[in-house]
file entry-v4.txt (compact mmCIF, C-alpha atoms)
# COMPACT_ATOMS: atom_id res chain seq x y z
CA MET A 1 0.00 0.00 0.00
CA SER A 2 1.39 3.37 -0.95
CA ASN A 3 -0.69 5.57 1.40
CA VAL A 4 1.04 7.11 4.41
CA GLY A 5 0.81 4.88 7.48
CA ILE A 6 -0.65 6.11 10.78
CA VAL A 7 0.60 5.02 14.21
CA ILE A 8 -1.30 5.90 17.38
CA VAL A 9 0.67 5.95 20.65
CA SER A 10 -1.19 6.54 23.90
CA HIS A 11 -0.33 5.90 27.55
CA SER A 12 -3.59 3.96 27.68
CA PRO A 13 -4.22 0.96 25.41
CA LEU A 14 -7.94 1.76 25.61
CA VAL A 15 -7.39 5.27 24.26
CA ALA A 16 -5.08 3.99 21.52
CA GLU A 17 -7.44 1.22 20.43
CA GLY A 18 -10.49 3.48 20.58
CA THR A 19 -8.73 6.11 18.49
CA ALA A 20 -7.77 3.43 15.96
CA ASP A 21 -11.43 2.30 15.81
CA MET A 22 -12.47 5.87 14.97
CA VAL A 23 -9.82 6.06 12.26
CA ARG A 24 -10.97 2.74 10.74
CA GLN A 25 -14.54 3.99 10.67
CA MET A 26 -13.39 6.93 8.54
CA VAL A 27 -10.92 5.29 6.18
CA GLY A 28 -11.54 1.54 6.32
CA ASP A 29 -8.49 -0.37 5.14
CA GLU A 30 -7.21 2.35 2.82
CA VAL A 31 -4.51 3.38 5.27
CA PRO A 32 -1.89 1.24 7.04
CA LEU A 33 -2.75 1.68 10.73
CA ALA A 34 -1.29 0.45 14.00
CA TRP A 35 -1.66 1.44 17.63
CA CYS A 36 0.07 0.75 20.92
CA GLY A 37 -0.55 1.81 24.48
CA GLY A 38 0.54 0.86 27.97
CA ASN A 39 3.96 0.25 29.45
CA GLY A 40 4.16 -3.40 28.41
CA HIS A 41 3.74 -4.50 32.03
CA GLY A 42 0.02 -3.96 32.41
CA GLY A 43 0.27 -0.34 33.50
CA LEU A 44 -0.26 3.02 31.85
CA GLY A 45 2.70 4.28 29.86
CA THR A 46 4.44 3.84 26.55
CA SER A 47 7.05 1.35 25.40
CA VAL A 48 9.75 2.01 22.83
CA GLU A 49 9.67 -1.64 21.81
CA ALA A 50 5.90 -1.55 21.24
CA ILE A 51 6.17 1.70 19.28
CA MET A 52 8.87 0.18 17.04
CA GLY A 53 6.55 -2.78 16.46
CA ALA A 54 3.63 -0.51 15.57
CA ILE A 55 5.79 1.44 13.10
CA GLU A 56 6.79 -1.86 11.44
CA LYS A 57 3.14 -2.87 11.22
CA ALA A 58 1.98 0.42 9.69
CA TRP A 59 5.08 0.84 7.52
CA SER A 60 4.57 2.36 4.10
CA GLU A 61 7.14 3.51 1.57
CA ALA A 62 5.20 6.80 1.57
CA GLY A 63 6.12 7.21 5.24
CA VAL A 64 4.51 6.99 8.66
CA ALA A 65 2.89 9.72 10.79
CA ILE A 66 2.80 9.08 14.55
CA LEU A 67 0.12 10.62 16.77
CA VAL A 68 0.89 10.76 20.49
CA ASP A 69 -0.79 11.87 23.70
CA LEU A 70 1.32 13.08 26.66
CA GLY A 71 5.04 13.96 26.74
CA GLY A 72 6.43 10.49 27.45
CA ALA A 73 4.68 9.15 24.37
CA GLU A 74 6.44 11.80 22.30
CA THR A 75 9.86 11.15 23.86
CA ASN A 76 9.48 7.39 23.47
CA SER A 77 8.27 7.76 19.88
CA GLU A 78 11.26 9.92 18.97
CA MET A 79 13.53 7.33 20.59
CA ALA A 80 11.84 4.55 18.60
CA VAL A 81 12.32 6.45 15.34
CA GLU A 82 16.00 6.93 16.15
CA MET A 83 16.43 3.24 16.95
CA ILE A 84 14.77 2.21 13.69
CA GLY A 85 17.51 4.28 12.12
CA GLU A 86 18.29 5.54 8.67
CA PRO A 87 17.13 5.54 5.97
CA ARG A 88 13.59 4.75 7.20
CA SER A 89 13.77 7.27 10.07
CA HIS A 90 13.63 10.09 7.51
CA LYS A 91 10.15 8.93 6.53
CA ILE A 92 8.69 8.83 10.05
CA ILE A 93 7.34 11.97 11.71
CA VAL A 94 5.97 12.44 15.22
CA CYS A 95 3.08 14.90 14.89
CA ASN A 96 2.34 17.77 17.21
CA ALA A 97 -1.44 17.39 17.33
CA PRO A 98 -4.23 16.17 19.62
CA ILE A 99 -4.21 12.38 19.38
CA VAL A 100 -7.82 11.61 18.42
CA GLU A 101 -8.51 14.53 16.07
CA GLY A 102 -4.97 14.33 14.70
CA ALA A 103 -5.21 10.62 13.90
CA VAL A 104 -8.60 10.93 12.20
CA MET A 105 -7.60 13.98 10.16
CA ALA A 106 -4.18 12.59 9.22
CA ALA A 107 -5.68 9.25 8.16
CA THR A 108 -8.38 10.95 6.11
CA GLU A 109 -5.73 13.00 4.34
CA SER A 110 -3.61 9.88 3.80
CA SER A 111 -6.53 7.93 2.34
CA GLY A 112 -6.65 10.44 -0.53
CA GLY A 113 -3.06 9.64 -1.43
CA ALA A 114 -1.49 12.73 0.15
CA SER A 115 2.26 12.86 0.83
CA LEU A 116 3.73 12.47 4.33
CA LYS A 117 4.36 16.22 4.42
CA GLU A 118 0.72 16.96 3.61
CA VAL A 119 -0.57 14.41 6.11
CA VAL A 120 1.58 15.87 8.90
CA ALA A 121 0.61 19.44 7.96
CA THR A 122 -3.08 18.52 8.24
CA ALA A 123 -2.52 17.15 11.76
CA HIS A 124 -0.46 20.17 12.77
CA GLU A 125 -3.25 22.55 11.72
CA LEU A 126 -5.16 21.26 14.75
CA SER A 127 -2.54 22.59 17.17
CA PRO A 128 -2.51 26.29 18.02
CA SER A 129 0.99 27.50 17.21
CA MET B 1 37.32 -4.89 28.99
CA THR B 2 40.10 -6.48 31.00
CA GLU B 3 38.97 -8.92 33.66
CA MET B 4 39.60 -6.35 36.38
CA ALA B 5 37.81 -3.52 34.57
CA ALA B 6 34.90 -5.84 33.84
CA ALA B 7 34.62 -6.74 37.52
CA ASP B 8 34.64 -3.04 38.42
CA PHE B 9 31.98 -2.33 35.78
CA SER B 10 29.76 -5.12 37.12
CA ARG B 11 30.19 -3.76 40.65
CA MET B 12 29.10 -0.29 39.49
CA ILE B 13 26.02 -1.76 37.80
CA ALA B 14 25.17 -3.68 40.96
CA ALA B 15 25.64 -0.56 43.10
CA ALA B 16 23.40 1.45 40.76
CA ALA B 17 20.69 -1.23 40.75
CA ASP B 18 20.96 -1.60 44.55
CA THR B 19 20.45 2.09 45.25
CA ILE B 20 17.52 2.37 42.80
CA ALA B 21 15.87 -0.69 44.37
CA ALA B 22 16.44 0.63 47.90
CA HIS B 23 14.92 4.01 47.02
CA ALA B 24 12.19 2.88 44.61
CA GLU B 25 9.37 3.78 47.00
CA GLU B 26 10.86 7.18 47.73
CA LEU B 27 11.21 7.89 43.98
CA THR B 28 7.63 6.84 43.37
CA ALA B 29 6.43 9.07 46.21
CA LEU B 30 8.33 12.04 44.75
CA ASP B 31 6.82 11.33 41.34
CA GLN B 32 3.32 10.91 42.79
CA ALA B 33 3.54 14.42 44.27
CA ILE B 34 4.12 16.19 40.95
CA GLY B 35 4.16 13.55 38.19
CA ASP B 36 2.48 10.32 37.20
CA GLY B 37 3.90 8.21 40.01
CA ASP B 38 5.66 5.53 38.00
CA HIS B 39 9.29 6.63 38.33
CA GLY B 40 10.43 4.32 41.15
CA LEU B 41 8.92 1.18 39.69
CA ASN B 42 10.07 2.03 36.16
CA MET B 43 13.67 2.74 37.18
CA LYS B 44 13.78 -0.38 39.32
CA ARG B 45 12.56 -2.55 36.46
CA GLY B 46 15.14 -1.02 34.13
CA PHE B 47 18.12 -1.34 36.42
CA GLU B 48 17.18 -4.89 37.43
CA ALA B 49 17.12 -5.75 33.70
CA VAL B 50 20.59 -4.22 33.36
CA ARG B 51 21.81 -6.06 36.47
CA ALA B 52 20.63 -9.37 34.99
CA GLU B 53 22.97 -8.88 32.03
CA ALA B 54 25.76 -6.94 33.76
CA ASP B 55 28.41 -9.64 33.27
CA ALA B 56 27.64 -9.99 29.55
CA PHE B 57 27.79 -6.20 29.14
CA ALA B 58 31.04 -6.00 31.09
CA ALA B 59 32.66 -8.47 28.70
CA LYS B 60 32.35 -5.85 25.94
CA PRO B 61 34.71 -2.88 25.48
CA LEU B 62 33.62 0.07 27.67
CA PRO B 63 31.90 2.09 24.89
CA GLU B 64 29.84 -0.92 23.77
CA ALA B 65 29.07 -1.86 27.39
CA LEU B 66 27.66 1.60 28.09
CA LYS B 67 25.63 1.57 24.86
CA ALA B 68 24.21 -1.83 25.83
CA VAL B 69 23.21 -0.46 29.26
CA GLY B 70 21.53 2.52 27.59
CA THR B 71 19.66 0.39 25.07
CA LYS B 72 18.47 -1.95 27.82
CA LEU B 73 17.19 1.04 29.84
CA VAL B 74 15.36 2.44 26.78
CA MET B 75 13.65 -0.89 26.22
CA THR B 76 12.73 -1.68 29.82
CA VAL B 77 12.25 1.47 31.92
CA GLY B 78 9.22 2.89 30.11
CA GLY B 79 7.90 6.37 30.67
CA ALA B 80 10.02 9.26 29.51
CA SER B 81 12.79 8.16 31.87
CA GLY B 82 13.70 5.22 29.62
CA PRO B 83 14.83 7.33 26.67
CA LEU B 84 16.31 10.00 28.95
CA PHE B 85 18.49 7.75 31.13
CA GLY B 86 19.07 5.46 28.15
CA THR B 87 20.33 8.37 26.09
CA LEU B 88 22.67 9.38 28.92
CA PHE B 89 24.40 5.98 28.87
CA MET B 90 24.31 5.56 25.09
CA ALA B 91 25.85 9.00 24.60
CA LEU B 92 28.58 8.27 27.18
CA GLY B 93 29.35 5.08 25.27
CA LYS B 94 29.50 6.96 22.01
CA ASP B 95 32.07 9.45 23.24
CA LEU B 96 34.23 7.51 25.69
CA PRO B 97 37.37 5.75 24.48
CA PRO B 98 37.84 2.11 25.59
CA ALA B 99 40.44 3.21 28.16
CA ALA B 100 38.79 6.27 29.66
CA ASP B 101 40.50 8.65 32.05
CA ARG B 102 39.02 11.58 33.94
CA ALA B 103 39.49 14.03 31.07
CA ALA B 104 37.73 11.68 28.65
CA LEU B 105 34.90 11.10 31.10
CA THR B 106 34.48 14.85 31.63
CA ALA B 107 34.32 15.52 27.90
CA ALA B 108 31.96 12.59 27.29
CA LEU B 109 29.64 13.66 30.12
CA ASN B 110 29.44 17.14 28.62
CA LYS B 111 28.34 15.64 25.29
CA ALA B 112 25.97 13.24 27.03
CA ILE B 113 24.27 16.11 28.88
CA GLU B 114 23.71 17.81 25.51
CA ALA B 115 22.18 14.58 24.19
CA VAL B 116 19.83 14.24 27.19
CA ALA B 117 18.85 17.91 26.85
CA ALA B 118 18.05 17.37 23.17
CA ARG B 119 16.07 14.18 23.90
CA GLY B 120 13.98 15.94 26.56
CA LYS B 121 13.89 19.30 24.73
CA SER B 122 15.02 20.79 28.03
CA GLN B 123 17.92 22.60 29.65
CA PRO B 124 19.21 23.08 33.20
CA GLY B 125 16.94 25.23 35.39
CA GLN B 126 13.70 23.45 34.43
CA LYS B 127 13.53 21.06 37.43
CA THR B 128 14.82 17.92 35.73
CA MET B 129 17.69 15.44 35.87
CA LEU B 130 19.77 18.01 33.97
CA ASP B 131 19.85 20.13 37.13
CA VAL B 132 21.93 17.36 38.73
CA LEU B 133 23.97 16.32 35.70
CA GLN B 134 25.24 19.84 35.01
CA PRO B 135 26.74 20.43 38.51
CA VAL B 136 28.17 16.88 38.42
CA TYR B 137 29.91 17.73 35.17
CA GLU B 138 31.24 20.98 36.65
CA ALA B 139 32.54 19.21 39.77
CA LEU B 140 34.19 16.59 37.57
CA ALA B 141 35.79 19.29 35.43
CA GLN B 142 37.05 21.08 38.54
CA GLY B 143 38.92 17.99 39.69
CA LYS B 144 36.72 17.28 42.71
CA THR B 145 36.97 13.91 44.48
CA ALA B 146 34.34 11.22 43.95
CA GLY B 147 32.87 11.98 47.39
CA GLU B 148 32.67 15.70 46.64
CA ILE B 149 30.98 14.97 43.31
CA ALA B 150 28.38 12.77 45.04
CA ASP B 151 27.74 15.55 47.57
CA ALA B 152 27.37 18.08 44.76
CA ALA B 153 24.77 15.79 43.15
CA ASP B 154 22.74 15.52 46.37
CA LYS B 155 22.89 19.28 46.86
CA ALA B 156 21.78 19.84 43.26
CA ALA B 157 18.83 17.43 43.65
CA ALA B 158 17.75 19.27 46.82
CA ALA B 159 18.01 22.54 44.89
CA THR B 160 15.22 21.36 42.55
CA VAL B 161 12.72 21.63 45.46
CA PRO B 162 12.05 25.39 45.09
CA MET B 163 12.15 25.26 41.29
CA LYS B 164 9.07 25.48 39.09
CA ALA B 165 8.82 22.59 36.64
CA LEU B 166 8.92 23.62 33.00
CA ARG B 167 9.17 20.16 31.40
CA GLY B 168 7.39 16.86 31.83
CA ARG B 169 4.16 15.99 33.59
CA ALA B 170 5.12 18.20 36.56
CA SER B 171 4.98 21.28 34.34
CA PHE B 172 1.18 20.82 34.10
CA LEU B 173 1.05 21.79 37.78
CA GLY B 174 2.80 25.12 37.22
CA GLU B 175 3.35 26.87 40.56
CA ARG B 176 2.15 23.80 42.45
CA SER B 177 5.29 21.94 41.36
CA ILE B 178 7.25 24.24 43.67
CA GLY B 179 8.17 22.66 47.02
CA HIS B 180 8.77 19.12 45.76
CA MET B 181 12.03 17.51 44.70
CA ASP B 182 12.14 16.35 41.09
CA ALA B 183 12.13 12.54 41.00
CA GLY B 184 14.51 12.35 38.04
CA ALA B 185 16.96 14.68 39.78
CA ARG B 186 16.82 12.46 42.87
CA SER B 187 17.41 9.24 40.93
CA THR B 188 20.29 10.87 39.06
CA ALA B 189 21.91 11.89 42.35
CA LEU B 190 21.44 8.34 43.69
CA LEU B 191 23.16 6.90 40.62
CA VAL B 192 26.01 9.41 40.82
CA ARG B 193 26.64 8.51 44.48
CA ALA B 194 26.52 4.78 43.76
CA VAL B 195 29.02 5.06 40.93
CA ALA B 196 31.24 7.51 42.85
CA GLU B 197 31.41 5.18 45.85
CA ALA B 198 32.15 2.21 43.59
CA ILE B 199 34.97 4.17 41.94
CA GLU B 200 36.38 5.21 45.33
CA ALA B 201 36.45 1.57 46.40
CA ILE B 202 38.56 0.55 43.37
call {"tool": "encode", "arguments": {"input": "entry-v4.txt", "output": "structure tokens"}}
result
Amino acid sequence: MSNVGIVIVSHSPLVAEGTADMVRQMVGDEVPLAWCGGNGHGGLGTSVEAIMGAIEKAWSEAGVAILVDLGGAETNSEMAVEMIGEPRSHKIIVCNAPIVEGAVMAATESSGGASLKEVVATAHELSPS
Amino acid sequence: MTEMAAADFSRMIAAAADTIAAHAEELTALDQAIGDGDHGLNMKRGFEAVRAEADAFAAKPLPEALKAVGTKLVMTVGGASGPLFGTLFMALGKDLPPAADRAALTAALNKAIEAVAARGKSQPGQKTMLDVLQPVYEALAQGKTAGEIADAADKAAAATVPMKALRGRASFLGERSIGHMDAGARSTALLVRAVAEAIEAI
């Protein structure tokens, strides 16, 4: 699939899964989509390993946009991108956008065949600068 | 590493894991006051994972051993502390030569602090672990003894109490973050003391 992939990273697996459900309702299977949430030990949090796995699952040659909730999700996502390494890391962007609205808007943009840059820009429009 | 250096490295790992385990509840309590309350448990899980592989890590040359410690912390600590403490060790490994002396350690710590600051998009003065790392670097650069460096770290952690948090979950509390010690600053000071005491014992 050549559409930009979307990864949802929340501290809560329930939030991540629910957000993914809302994205699927909008775009069906047109967009590679993966989510992860929780610290990997049954608690709230985010796991670099799980984020790397989600990026693999949603990987697209067009790139991957990651939507995150609180700070640790962003830090862990950036770490995961760095550990995936070049050249793929250049095609993965952690968005600065609210997680639910950002994921739905980014996926909708992606489903129309937009570039990674366009998908990320759509998500960023949701954040007051 | 040589057999002797490897034994010293394993002892430092054990000392670090011991102090984190002994203070896990305190770290969690600090984090509950102004954060999300997972710091003690997260750090303990990470350092126990490192302890479990300490001998295998110590068999590697020092730079690779430190990178392995950092990677293990990234993968096991969770929370933002995983990437932050992981980056500290990975960056030290990247810049230290296999046979490191004080000058090399000082230079590498300076670079590692920059890497942690970049990872956390932070700088000293924002009530974080950087507020301990920076004075530790300065004490190291000034030729202070291991004991003096450990004392400087404790003092620096205590100095985060009146600060207002500008990064991390604590920053959501604004003024209410004042009056509590930063949990990451405390765990950094604990690690510095553990390593300093292990070095003094060599």
call {"tool": "closest_atom_pairs", "arguments": {"input": "entry-v4.txt", "of": "chain A", "to": "chain B", "cutoff": "8 Å", "atoms": "only C-alpha atoms", "output": "JSON lines"}}
result
{"residue": "A:Asn39", "atom": "CA", "partner": "B:Gly78", "partner_atom": "CA", "distance": 5.9}
{"residue": "A:Gly45", "atom": "CA", "partner": "B:Gly79", "partner_atom": "CA", "distance": 5.7}
{"residue": "A:Thr46", "atom": "CA", "partner": "B:Gly79", "partner_atom": "CA", "distance": 5.9}
{"residue": "A:Ser47", "atom": "CA", "partner": "B:Gly78", "partner_atom": "CA", "distance": 5.4}
{"residue": "A:Val48", "atom": "CA", "partner": "B:Met75", "partner_atom": "CA", "distance": 5.9}
{"residue": "A:Glu49", "atom": "CA", "partner": "B:Met75", "partner_atom": "CA", "distance": 6.0}
{"residue": "A:Gly71", "atom": "CA", "partner": "B:Gly168", "partner_atom": "CA", "distance": 6.3}
{"residue": "A:Gly72", "atom": "CA", "partner": "B:Ala80", "partner_atom": "CA", "distance": 4.3}
{"residue": "A:Ala73", "atom": "CA", "partner": "B:Ala80", "partner_atom": "CA", "distance": 7.4}
{"residue": "A:Thr75", "atom": "CA", "partner": "B:Ala80", "partner_atom": "CA", "distance": 6.0}
{"residue": "A:Asn76", "atom": "CA", "partner": "B:Pro83", "partner_atom": "CA", "distance": 6.2}
{"residue": "A:Met79", "atom": "CA", "partner": "B:Pro83", "partner_atom": "CA", "distance": 6.2}
call {"tool": "closest_residue", "arguments": {"input": "entry-v4.txt", "among": "A:Asp29, A:Val81, A:Ala65, A:Glu17", "to": "A:Ala114", "atoms": "only C-alpha atoms"}}
result
A:Ala65
call {"tool": "residues_around", "arguments": {"input": "entry-v4.txt", "residues": "B:Asp131", "least_positions_apart": "2", "cutoff": "9 Å", "atoms": "all atoms listed in the file", "output": "JSON, numbers by chain"}}
result
{"B": [123, 124, 125, 126, 127, 128, 129, 133, 134, 135, 153, 156, 157, 159, 160, 185]}
call {"tool": "write_last_selection", "arguments": {"input": "entry-v4.txt", "atoms": "C-alpha atoms", "output": "PDB file, in the frame of the given file"}}
result
ATOM      1  CA  GLN B 123      17.920  22.600  29.650  1.00  0.00           C
ATOM      2  CA  PRO B 124      19.210  23.080  33.200  1.00  0.00           C
ATOM      3  CA  GLY B 125      16.940  25.230  35.390  1.00  0.00           C
ATOM      4  CA  GLN B 126      13.700  23.450  34.430  1.00  0.00           C
ATOM      5  CA  LYS B 127      13.530  21.060  37.430  1.00  0.00           C
ATOM      6  CA  THR B 128      14.820  17.920  35.730  1.00  0.00           C
ATOM      7  CA  MET B 129      17.690  15.440  35.870  1.00  0.00           C
ATOM      8  CA  LEU B 133      23.970  16.320  35.700  1.00  0.00           C
ATOM      9  CA  GLN B 134      25.240  19.840  35.010  1.00  0.00           C
ATOM     10  CA  PRO B 135      26.740  20.430  38.510  1.00  0.00           C
ATOM     11  CA  ALA B 153      24.770  15.790  43.150  1.00  0.00           C
ATOM     12  CA  ALA B 156      21.780  19.840  43.260  1.00  0.00           C
ATOM     13  CA  ALA B 157      18.830  17.430  43.650  1.00  0.00           C
ATOM     14  CA  ALA B 159      18.010  22.540  44.890  1.00  0.00           C
ATOM     15  CA  THR B 160      15.220  21.360  42.550  1.00  0.00           C
ATOM     16  CA  ALA B 185      16.960  14.680  39.780  1.00  0.00           C
TER      17      ALA B 185
END
call {"tool": "atom_distance", "arguments": {"input": "entry-v4.txt", "atom1": "atom CA of A:Ala121", "atom2": "atom CA of B:Val116"}}
result
27.7 Å
call {"tool": "closest_residue", "arguments": {"input": "entry-v4.txt", "among": "B:Leu190, B:Val195, B:Leu109, B:Ala59", "to": "B:Thr19", "atoms": "only C-alpha atoms"}}
result
B:Leu190
call {"tool": "build_atoms", "arguments": {"input": "entry-v4.txt", "residues": "stretch 13-23 of chain A", "atoms": "all heavy atoms", "output": "tab-separated table (two decimals), in the coordinates of the input"}}
result
chain	number	residue	atom	x	y	z
A	13	PRO	N	-3.85	1.79	26.55
A	13	PRO	CA	-4.22	0.96	25.41
A	13	PRO	C	-5.67	1.18	24.99
A	13	PRO	O	-6.00	1.07	23.81
A	13	PRO	CB	-4.00	-0.48	25.91
A	13	PRO	CG	-3.77	-0.39	27.37
A	13	PRO	CD	-3.38	1.01	27.70
A	14	LEU	N	-6.53	1.52	25.95
A	14	LEU	CA	-7.94	1.76	25.61
A	14	LEU	C	-8.09	2.99	24.73
A	14	LEU	O	-8.86	2.98	23.77
A	14	LEU	CB	-8.76	1.92	26.90
A	14	LEU	CG	-8.84	0.68	27.79
A	14	LEU	CD1	-9.56	1.02	29.10
A	14	LEU	CD2	-9.53	-0.46	27.08
A	15	VAL	N	-7.34	4.05	25.08
A	15	VAL	CA	-7.39	5.27	24.26
A	15	VAL	C	-6.83	4.99	22.87
A	15	VAL	O	-7.42	5.38	21.85
A	15	VAL	CB	-6.60	6.42	24.94
A	15	VAL	CG1	-6.42	7.59	23.97
A	15	VAL	CG2	-7.30	6.88	26.21
A	16	ALA	N	-5.72	4.27	22.80
A	16	ALA	CA	-5.08	3.99	21.52
A	16	ALA	C	-5.99	3.15	20.63
A	16	ALA	O	-6.20	3.45	19.45
A	16	ALA	CB	-3.75	3.27	21.74
A	17	GLU	N	-6.57	2.11	21.22
A	17	GLU	CA	-7.44	1.22	20.43
A	17	GLU	C	-8.71	1.95	19.99
A	17	GLU	O	-9.16	1.82	18.86
A	17	GLU	CB	-7.79	-0.04	21.24
A	17	GLU	CG	-8.55	-1.04	20.41
A	17	GLU	CD	-8.82	-2.35	21.15
A	17	GLU	OE1	-8.64	-2.40	22.39
A	17	GLU	OE2	-9.20	-3.33	20.49
A	18	GLY	N	-9.28	2.74	20.91
A	18	GLY	CA	-10.49	3.48	20.58
A	18	GLY	C	-10.24	4.50	19.48
A	18	GLY	O	-11.07	4.68	18.58
A	19	THR	N	-9.09	5.15	19.54
A	19	THR	CA	-8.73	6.11	18.49
A	19	THR	C	-8.60	5.38	17.16
A	19	THR	O	-9.08	5.85	16.12
A	19	THR	CB	-7.42	6.83	18.86
A	19	THR	OG1	-7.56	7.43	20.14
A	19	THR	CG2	-7.07	7.91	17.84
A	20	ALA	N	-7.95	4.21	17.19
A	20	ALA	CA	-7.77	3.43	15.96
A	20	ALA	C	-9.13	3.01	15.39
A	20	ALA	O	-9.34	3.03	14.17
A	20	ALA	CB	-6.90	2.20	16.23
A	21	ASP	N	-10.07	2.66	16.27
A	21	ASP	CA	-11.43	2.30	15.81
A	21	ASP	C	-12.06	3.47	15.06
A	21	ASP	O	-12.71	3.29	14.03
A	21	ASP	CB	-12.33	1.94	17.01
A	21	ASP	CG	-11.99	0.58	17.59
A	21	ASP	OD1	-11.31	-0.20	16.90
A	21	ASP	OD2	-12.42	0.31	18.73
A	22	MET	N	-11.88	4.69	15.61
A	22	MET	CA	-12.47	5.87	14.97
A	22	MET	C	-11.84	6.14	13.61
A	22	MET	O	-12.50	6.56	12.67
A	22	MET	CB	-12.34	7.09	15.90
A	22	MET	CG	-13.22	6.95	17.15
A	22	MET	SD	-12.93	8.25	18.35
A	22	MET	CE	-13.62	9.66	17.52
A	23	VAL	N	-10.52	5.88	13.54
A	23	VAL	CA	-9.82	6.06	12.26
A	23	VAL	C	-10.34	5.05	11.24
A	23	VAL	O	-10.66	5.41	10.10
A	23	VAL	CB	-8.29	5.90	12.45
A	23	VAL	CG1	-7.58	5.81	11.10
A	23	VAL	CG2	-7.74	7.05	13.27
